[in-house]
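As stored in entry29.txt (compact mmCIF, C-alpha atoms):
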# COMPACT_ATOMS: atom_id res chain seq x y z
CA MET O 16 102.35 116.20 110.93
CA THR O 17 102.29 113.43 113.54
CA THR O 18 103.89 110.02 113.13
CA ASP O 19 100.50 108.28 113.09
CA GLU O 20 99.10 110.09 110.06
CA ILE O 21 98.88 108.16 106.83
CA ASP O 22 101.60 109.00 104.32
CA PRO O 23 100.77 108.96 100.62
CA PRO O 24 102.40 106.22 98.54
CA LYS O 25 105.96 106.92 97.39
CA ASP O 26 107.24 105.33 94.20
CA GLY O 27 104.31 102.89 94.21
CA PHE O 28 104.82 101.90 97.84
CA ALA O 29 102.48 102.50 100.76
CA VAL O 30 104.57 103.95 103.57
CA ALA O 31 103.75 102.45 106.96
CA ASN O 32 103.29 104.64 110.01
CA ASN O 33 104.42 103.85 113.54
CA SER O 34 101.10 102.29 114.56
CA GLN O 35 101.22 99.91 111.62
CA ARG O 36 104.79 98.90 112.38
CA THR O 37 103.95 98.22 116.00
CA ALA O 38 100.93 96.20 114.89
CA ALA O 39 103.20 94.22 112.53
CA LYS O 40 105.41 93.17 115.45
CA ILE O 41 102.34 92.18 117.47
CA ALA O 42 100.99 90.21 114.49
CA GLY O 43 104.31 88.39 114.13
CA ILE O 44 104.41 87.43 117.80
CA ALA O 45 100.72 86.44 117.88
CA GLY O 46 101.06 84.38 114.70
CA LEU O 47 104.09 82.42 115.91
CA PHE O 48 102.68 81.93 119.41
CA ALA O 49 99.32 80.73 118.09
CA PHE O 50 101.00 78.37 115.61
CA ALA O 51 103.17 76.81 118.35
CA LEU O 52 100.15 76.40 120.63
CA VAL O 53 97.93 74.68 118.09
CA VAL O 54 100.70 72.31 116.97
CA PHE O 55 101.62 71.41 120.55
CA GLY O 56 98.02 71.07 121.69
CA ASN O 57 96.90 68.96 118.75
CA TYR O 58 99.88 66.76 117.91
CA VAL O 59 101.63 66.43 121.28
CA LEU O 60 98.75 66.49 123.76
CA LEU O 61 95.51 65.46 122.04
CA GLU O 62 96.31 63.19 119.10
CA PRO O 63 98.18 60.51 121.16
CA LEU O 64 95.01 60.00 123.20
CA LEU O 65 92.73 59.36 120.24
CA VAL O 66 92.51 55.82 118.89
CA PRO O 67 90.99 55.74 115.38
CA ARG O 68 87.70 53.82 115.15
CA ASN O 69 87.93 52.75 118.80
CA ALA O 70 85.73 54.64 121.25
CA VAL O 71 86.54 52.40 124.20
CA ASP O 72 90.32 52.81 124.09
CA THR O 73 89.97 56.53 123.38
CA ALA O 74 87.78 56.92 126.47
CA ARG O 75 90.26 55.00 128.59
CA ASN O 76 93.15 57.15 127.37
CA ILE O 77 91.28 60.36 128.11
CA LEU O 78 90.29 59.29 131.60
CA ALA O 79 93.82 58.07 132.34
CA HIS O 80 95.33 61.36 131.09
CA GLU O 81 92.58 63.84 131.86
CA THR O 82 95.00 66.64 132.77
CA GLN O 83 96.79 66.21 129.44
CA PHE O 84 93.44 66.33 127.66
CA ARG O 85 92.44 69.51 129.50
CA LEU O 86 95.79 71.13 128.75
CA ALA O 87 95.12 70.53 125.06
CA LEU O 88 91.83 72.39 125.43
CA ILE O 89 93.62 75.30 127.12
CA CYS O 90 96.01 75.41 124.16
CA PHE O 91 93.08 75.61 121.75
CA ILE O 92 91.33 78.32 123.78
CA THR O 93 94.54 80.35 123.92
CA TYR O 94 94.95 79.85 120.17
CA GLY O 95 91.49 81.36 119.67
CA ILE O 96 92.49 84.36 121.78
CA GLY O 97 95.68 84.68 119.75
CA ALA O 98 93.64 84.65 116.53
CA ILE O 99 91.62 87.62 117.81
CA VAL O 100 94.80 89.51 118.71
CA LEU O 101 96.18 88.73 115.26
CA LEU O 102 93.09 89.92 113.39
CA SER O 103 93.12 93.16 115.39
CA ALA O 104 96.76 93.80 114.51
CA LEU O 105 96.16 93.02 110.85
CA TYR O 106 93.24 95.42 110.76
CA VAL O 107 95.47 98.21 112.04
CA ILE O 108 98.00 97.41 109.31
CA PHE O 109 95.52 97.19 106.44
CA ALA O 110 92.92 99.84 107.30
CA PRO O 111 94.99 102.61 105.66
CA VAL O 112 95.41 100.44 102.55
CA ASN O 113 91.75 99.47 102.07
CA ARG O 114 89.44 99.78 105.07
CA GLY O 115 86.64 97.71 103.54
CA LEU O 116 88.82 94.71 102.71
CA ALA O 117 90.62 95.04 106.05
CA LEU O 118 87.28 94.81 107.85
CA ALA O 119 86.17 91.85 105.72
CA GLY O 120 89.40 89.99 106.48
CA ALA O 121 89.03 90.70 110.20
CA LEU O 122 85.40 89.49 110.24
CA PHE O 123 86.26 86.29 108.35
CA ARG O 124 89.03 85.54 110.83
CA LEU O 125 86.72 86.34 113.75
CA VAL O 126 84.17 83.78 112.53
CA PHE O 127 86.95 81.20 112.34
CA ALA O 128 88.12 82.07 115.86
CA ILE O 129 84.58 81.70 117.24
CA LEU O 130 84.10 78.32 115.54
CA TRP O 131 87.50 77.23 116.81
CA LEU O 132 86.41 78.06 120.36
CA VAL O 133 83.35 75.82 119.95
CA ALA O 134 85.65 72.78 119.67
CA PRO O 135 86.70 72.83 123.37
CA LEU O 136 83.02 72.89 124.31
CA ASN O 137 82.52 69.62 122.45
CA SER O 138 85.53 68.12 124.20
CA LEU O 139 84.28 69.24 127.61
CA ALA O 140 80.94 67.61 126.78
CA ALA O 141 82.85 64.40 126.04
CA LEU O 142 84.50 64.59 129.45
CA ARG O 143 81.11 65.03 131.08
CA LEU O 144 79.81 61.92 129.30
CA LEU O 145 82.77 59.96 130.64
CA GLY O 146 82.27 61.23 134.18
CA ASP O 147 80.65 59.58 137.17
CA ALA O 148 77.59 61.80 137.62
CA PRO O 149 74.59 59.85 138.97
CA TYR O 150 72.35 60.77 136.03
CA LEU O 151 74.75 58.96 133.68
CA LYS O 152 74.15 55.61 135.38
CA VAL O 153 71.04 55.01 133.27
CA PHE O 154 73.27 54.55 130.19
CA GLU O 155 75.57 51.67 129.41
CA PRO O 156 79.32 52.57 129.58
CA GLU O 157 79.82 51.57 125.95
CA ARG O 158 77.08 53.93 124.82
CA LEU O 159 78.57 56.81 126.79
CA GLN O 160 82.00 56.10 125.35
CA ALA O 161 80.59 56.13 121.83
CA LEU O 162 78.76 59.39 122.48
CA ALA O 163 81.95 60.92 123.89
CA ARG O 164 83.84 59.92 120.77
CA VAL O 165 81.13 61.55 118.65
CA GLN O 166 81.57 64.78 120.60
CA ILE O 167 85.32 64.76 120.02
CA ALA O 168 84.82 64.05 116.31
CA GLY O 169 82.50 67.05 116.23
CA SER O 170 85.46 69.23 117.16
CA PHE O 171 87.06 68.39 113.83
CA ASP O 172 83.81 69.30 112.07
CA ASP O 173 83.98 72.70 113.75
CA TYR O 174 87.43 73.19 112.27
CA TYR O 175 86.41 72.28 108.72
CA VAL O 176 83.33 74.50 108.89
CA GLY O 177 85.58 77.36 109.99
CA LEU O 178 88.31 76.59 107.45
CA PRO O 179 86.67 78.42 104.51
CA PHE O 180 86.45 81.54 106.67
CA PHE O 181 90.10 81.21 107.67
CA GLY O 182 91.05 80.74 104.02
CA LEU O 183 89.00 83.76 102.94
CA ALA O 184 90.61 85.89 105.66
CA ALA O 185 94.08 84.78 104.58
CA THR O 186 93.27 85.36 100.90
CA VAL O 187 92.03 88.91 101.56
CA CYS O 188 95.07 89.67 103.71
CA ALA O 189 97.49 88.21 101.17
CA TRP O 190 95.91 90.41 98.48
CA LEU O 191 96.34 93.45 100.72
CA TRP O 192 99.97 92.47 101.36
CA LEU O 193 100.44 92.32 97.60
CA LYS O 194 98.74 95.67 97.04
CA SER O 195 100.59 97.47 99.84
CA LYS O 196 104.02 95.97 99.04
CA TYR O 197 104.74 95.80 102.76
CA ILE O 198 106.25 92.31 102.33
CA PRO O 199 108.06 90.64 99.41
CA ARG O 200 105.91 90.24 96.31
CA GLY O 201 106.70 86.53 95.96
CA LEU O 202 105.54 85.81 99.50
CA SER O 203 102.31 87.73 98.88
CA ILE O 204 101.57 85.83 95.67
CA PHE O 205 102.25 82.52 97.39
CA GLY O 206 99.81 83.59 100.12
CA VAL O 207 97.07 84.46 97.65
CA ILE O 208 97.42 81.13 95.82
CA GLY O 209 97.81 78.98 98.95
CA SER O 210 94.89 80.62 100.74
CA ALA O 211 92.56 80.49 97.74
CA TRP O 212 93.47 76.81 97.36
CA CYS O 213 92.45 76.24 100.98
CA VAL O 214 89.07 77.89 100.41
CA PHE O 215 88.46 75.72 97.35
CA CYS O 216 89.43 72.48 99.12
CA ALA O 217 87.41 73.26 102.24
CA ILE O 218 84.24 74.01 100.29
CA VAL O 219 84.60 70.94 98.06
CA TYR O 220 85.26 68.77 101.13
CA LEU O 221 82.08 69.99 102.83
CA ILE O 222 80.08 69.10 99.72
CA PHE O 223 81.92 65.85 98.91
CA PRO O 224 83.34 64.27 102.11
CA ASP O 225 85.33 61.72 100.09
CA PHE O 226 87.35 64.52 98.50
CA ASN O 227 90.10 63.87 101.07
CA LYS O 228 90.63 60.48 99.41
CA ILE O 229 91.66 62.35 96.27
CA VAL O 230 93.48 65.22 97.96
CA ASN O 231 94.84 64.47 101.43
CA ASP O 232 93.22 66.78 103.95
CA TYR O 233 96.63 67.85 105.26
CA ILE O 234 97.24 69.44 101.85
CA PHE O 235 94.10 71.57 102.19
CA ASP O 236 95.64 74.09 104.54
CA THR O 237 99.37 73.33 104.52
CA PRO O 238 100.31 75.96 101.87
CA MET O 239 98.29 78.59 103.72
CA ALA O 240 99.82 77.57 107.06
CA LEU O 241 103.32 77.83 105.59
CA PHE O 242 102.49 81.30 104.29
CA GLU O 243 101.16 82.44 107.67
CA LEU O 244 104.22 80.99 109.42
CA ALA O 245 106.68 82.64 107.03
CA LEU O 246 104.72 85.88 107.27
CA SER O 247 104.88 85.83 111.08
CA PHE O 248 108.66 85.43 110.99
CA TRP O 249 108.95 88.23 108.44
CA LEU O 250 106.77 90.65 110.42
CA LEU O 251 108.61 89.92 113.66
CA PHE O 252 112.16 90.18 112.37
CA LYS O 253 111.87 92.36 109.24
CA GLY O 254 108.75 94.42 109.81
CA LEU O 255 106.98 96.39 107.11
CA SER O 256 108.83 97.51 104.01
CA PRO O 257 109.86 99.85 102.60
CA LYS O 258 111.29 101.73 105.56
CA ILE O 259 111.46 105.25 104.21
CA GLU O 260 112.70 107.99 106.51
CA ARG O 261 109.98 110.45 107.33
CA THR O 262 110.12 114.15 108.12
CA ILE O 263 108.31 115.14 111.29
CA GLU O 264 107.06 118.70 111.36
CA THR O 265 106.53 120.44 114.65
Go through the file and emit its structure as structure tokens.
Amino acid sequence: MTTDEIDPPKDGFAVANNSQRTAAKIAGIAGLFAFALVVFGNYVLLEPLLVPRNAVDTARNILAHETQFRLALICFITYGIGAIVLLSALYVIFAPVNRGLALAGALFRLVFAILWLVAPLNSLAALRLLGDAPYLKVFEPERLQALARVQIAGSFDDYYVGLPFFGLAATVCAWLWLKSKYIPRGLSIFGVIGSAWCVFCAIVYLIFPDFNKIVNDYIFDTPMALFELALSFWLLFKGLSPKIERTIET
């Protein structure tokens, strides 16, 4: 028997093979790296440049700090790549547990990653509108600034359209964590609840845009984000449990 064959459950636990344990480490690294990138890109680089309800000052900030703006886009693109690495690692972990659900979770996360990568395209379009190309001279500067601000706002729409897919992916994965018992039961249950909550909020928000006046939009995905962050730390430093010694036959 080789180390990559699937072991039958022992005492109600699914025993992870070497490929799954390697994938768990990769998932932990990818999850933490992606989380750091998106926080840095959004809150340190991009958000200080955006002035709420003021297209003119936003345009001035972007043009004055164009490199900073572009670095934020690179962070978001790299985050999308990290999301694809993460979904691949999670598929390797969960395929022996339930291949159908593992594939569904991977596809949901892939849709989110693709929609996330659309956001930098909107931001690059905003930069083009604020440029000095000759064909832009037929428009008034104020109109171009307003259009650029619309493009940037569209990036947030991309996120909220993708959020239900992210939440569904996290819900499926949390259920598989619970079923496999690879991580603590309490963490898995928190993941199921937090991720399902995110799906509910995202769908309601798309139907009723004023929903964020009742429930702050930061609360939509914060429980799920905390679960994914805690999970990444667990996978990186603890790995998959239980670690049962295995007999290798030659």
Have a look at atom CA of O:Tyr174 and atom CA of O:Trp131 and let me know their distance in Å, one decimal.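 Atom CA of O:Trp131 lies at a distance of 6.1 Å from atom CA of O:Tyr174.
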Listing only residues of stretch 104-156 of chain O within 12 Å of stretch 57-78 of chain O, what is the closest atom pair and its distance in Å (to one decimal) for each, using all atoms listed in the file, sorted by chain and residue number ascending, as a tab-separated table?
residue	atom	partner	partner_atom	distance
O:Ala134	CA	O:Asn57	CA	11.9
O:Pro135	CA	O:Leu61	CA	11.6
O:Ser138	CA	O:Ile77	CA	10.4
O:Leu139	CA	O:Ile77	CA	11.3
O:Ala141	CA	O:Ala74	CA	9.0
O:Leu142	CA	O:Ile77	CA	8.1
O:Arg143	CA	O:Leu78	CA	10.8
O:Leu144	CA	O:Ala74	CA	9.8
O:Leu145	CA	O:Ala74	CA	7.2
O:Gly146	CA	O:Leu78	CA	8.6
O:Asp147	CA	O:Leu78	CA	11.1
O:Pro156	CA	O:Val71	CA	9.0
Rounded to one decimal in Å, what is the spacing between atom CA of O:Ala49 and atom CA of O:Leu241? 13.4 Å
If you count only C-alpha atoms, which residues fall within 9 Å of O:Gly120, apart from same-chain ones fewer than 6 positions away, as number ranges by chain? O: 102, 105-106, 180-181, 183-188
For C-alpha atoms, I'd like the residues from the last selection saved as a PDB file, in the coordinates of the input.
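Output (selection01.pdb):
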ATOM      1  CA  LEU O 102      93.090  89.920 113.390  1.00  0.00           C
ATOM      2  CA  LEU O 105      96.160  93.020 110.850  1.00  0.00           C
ATOM      3  CA  TYR O 106      93.240  95.420 110.760  1.00  0.00           C
ATOM      4  CA  PHE O 180      86.450  81.540 106.670  1.00  0.00           C
ATOM      5  CA  PHE O 181      90.100  81.210 107.670  1.00  0.00           C
ATOM      6  CA  LEU O 183      89.000  83.760 102.940  1.00  0.00           C
ATOM      7  CA  ALA O 184      90.610  85.890 105.660  1.00  0.00           C
ATOM      8  CA  ALA O 185      94.080  84.780 104.580  1.00  0.00           C
ATOM      9  CA  THR O 186      93.270  85.360 100.900  1.00  0.00           C
ATOM     10  CA  VAL O 187      92.030  88.910 101.560  1.00  0.00           C
ATOM     11  CA  CYS O 188      95.070  89.670 103.710  1.00  0.00           C
TER      12      CYS O 188
END
Given all atoms listed in the file as the counted atoms, nearest of O:Leu47, O:Val176, O:Ala31, O:Leu132 to O:Ile198: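 Using all atoms listed in the file, the shortest distance to O:Ile198 belongs to O:Ala31.
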Would you kindly place all heavy atoms on stretch 92-103 of chain O and return the model as an mmCIF file, keeping the file's coordinate frame?
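The result, written out as part_24.cif:
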data_model
loop_
_atom_site.group_PDB
_atom_site.id
_atom_site.type_symbol
_atom_site.label_atom_id
_atom_site.label_comp_id
_atom_site.auth_asym_id
_atom_site.auth_seq_id
_atom_site.Cartn_x
_atom_site.Cartn_y
_atom_site.Cartn_z
ATOM 1 N N ILE O 92 91.983 77.077 123.368
ATOM 2 C CA ILE O 92 91.330 78.320 123.780
ATOM 3 C C ILE O 92 92.289 79.495 123.628
ATOM 4 O O ILE O 92 91.923 80.569 123.119
ATOM 5 C CB ILE O 92 90.826 78.203 125.231
ATOM 6 C CG1 ILE O 92 89.683 77.179 125.316
ATOM 7 C CG2 ILE O 92 90.365 79.561 125.760
ATOM 8 C CD1 ILE O 92 89.274 76.824 126.730
ATOM 9 N N THR O 93 93.538 79.288 124.043
ATOM 10 C CA THR O 93 94.540 80.350 123.920
ATOM 11 C C THR O 93 94.818 80.655 122.455
ATOM 12 O O THR O 93 95.050 81.811 122.084
ATOM 13 C CB THR O 93 95.834 79.946 124.637
ATOM 14 O OG1 THR O 93 95.537 79.522 125.970
ATOM 15 C CG2 THR O 93 96.808 81.114 124.698
ATOM 16 N N TYR O 94 94.787 79.626 121.613
ATOM 17 C CA TYR O 94 94.950 79.850 120.170
ATOM 18 C C TYR O 94 93.837 80.755 119.646
ATOM 19 O O TYR O 94 94.088 81.659 118.840
ATOM 20 C CB TYR O 94 94.932 78.512 119.435
ATOM 21 C CG TYR O 94 94.899 78.660 117.929
ATOM 22 C CD1 TYR O 94 96.067 78.890 117.211
ATOM 23 C CD2 TYR O 94 93.699 78.573 117.224
ATOM 24 C CE1 TYR O 94 96.039 79.038 115.830
ATOM 25 C CE2 TYR O 94 93.661 78.718 115.848
ATOM 26 C CZ TYR O 94 94.834 78.941 115.159
ATOM 27 O OH TYR O 94 94.794 79.092 113.794
ATOM 28 N N GLY O 95 92.602 80.517 120.101
ATOM 29 C CA GLY O 95 91.490 81.360 119.670
ATOM 30 C C GLY O 95 91.689 82.810 120.098
ATOM 31 O O GLY O 95 91.406 83.741 119.328
ATOM 32 N N ILE O 96 92.197 83.011 121.318
ATOM 33 C CA ILE O 96 92.490 84.360 121.780
ATOM 34 C C ILE O 96 93.577 84.989 120.917
ATOM 35 O O ILE O 96 93.494 86.166 120.524
ATOM 36 C CB ILE O 96 92.909 84.343 123.266
ATOM 37 C CG1 ILE O 96 91.754 83.849 124.137
ATOM 38 C CG2 ILE O 96 93.384 85.721 123.723
ATOM 39 C CD1 ILE O 96 92.136 83.591 125.576
ATOM 40 N N GLY O 97 94.605 84.188 120.601
ATOM 41 C CA GLY O 97 95.680 84.680 119.750
ATOM 42 C C GLY O 97 95.188 85.068 118.368
ATOM 43 O O GLY O 97 95.666 86.050 117.781
ATOM 44 N N ALA O 98 94.203 84.332 117.848
ATOM 45 C CA ALA O 98 93.640 84.650 116.530
ATOM 46 C C ALA O 98 92.935 86.008 116.567
ATOM 47 O O ALA O 98 92.990 86.773 115.598
ATOM 48 C CB ALA O 98 92.666 83.559 116.096
ATOM 49 N N ILE O 99 92.297 86.329 117.684
ATOM 50 C CA ILE O 99 91.620 87.620 117.810
ATOM 51 C C ILE O 99 92.650 88.758 117.913
ATOM 52 O O ILE O 99 92.472 89.825 117.320
ATOM 53 C CB ILE O 99 90.681 87.608 119.027
ATOM 54 C CG1 ILE O 99 89.547 86.601 118.783
ATOM 55 C CG2 ILE O 99 90.119 89.000 119.301
ATOM 56 C CD1 ILE O 99 88.645 86.370 119.974
ATOM 57 N N VAL O 100 93.723 88.514 118.651
ATOM 58 C CA VAL O 100 94.800 89.510 118.710
ATOM 59 C C VAL O 100 95.396 89.729 117.325
ATOM 60 O O VAL O 100 95.635 90.871 116.903
ATOM 61 C CB VAL O 100 95.907 89.059 119.698
ATOM 62 C CG1 VAL O 100 97.108 89.999 119.636
ATOM 63 C CG2 VAL O 100 95.358 88.993 121.118
ATOM 64 N N LEU O 101 95.601 88.633 116.593
ATOM 65 C CA LEU O 101 96.180 88.730 115.260
ATOM 66 C C LEU O 101 95.282 89.511 114.313
ATOM 67 O O LEU O 101 95.754 90.384 113.568
ATOM 68 C CB LEU O 101 96.430 87.321 114.713
ATOM 69 C CG LEU O 101 96.983 87.230 113.288
ATOM 70 C CD1 LEU O 101 98.314 87.961 113.168
ATOM 71 C CD2 LEU O 101 97.131 85.762 112.873
ATOM 72 N N LEU O 102 93.988 89.217 114.323
ATOM 73 C CA LEU O 102 93.090 89.920 113.390
ATOM 74 C C LEU O 102 93.024 91.414 113.730
ATOM 75 O O LEU O 102 92.899 92.257 112.826
ATOM 76 C CB LEU O 102 91.701 89.282 113.392
ATOM 77 C CG LEU O 102 90.759 89.484 114.579
ATOM 78 C CD1 LEU O 102 89.936 90.757 114.452
ATOM 79 C CD2 LEU O 102 89.816 88.275 114.695
ATOM 80 N N SER O 103 93.130 91.752 115.011
ATOM 81 C CA SER O 103 93.120 93.160 115.390
ATOM 82 C C SER O 103 94.358 93.873 114.872
ATOM 83 O O SER O 103 94.275 94.998 114.347
ATOM 84 C CB SER O 103 93.049 93.301 116.919
ATOM 85 O OG SER O 103 91.898 92.667 117.436
#
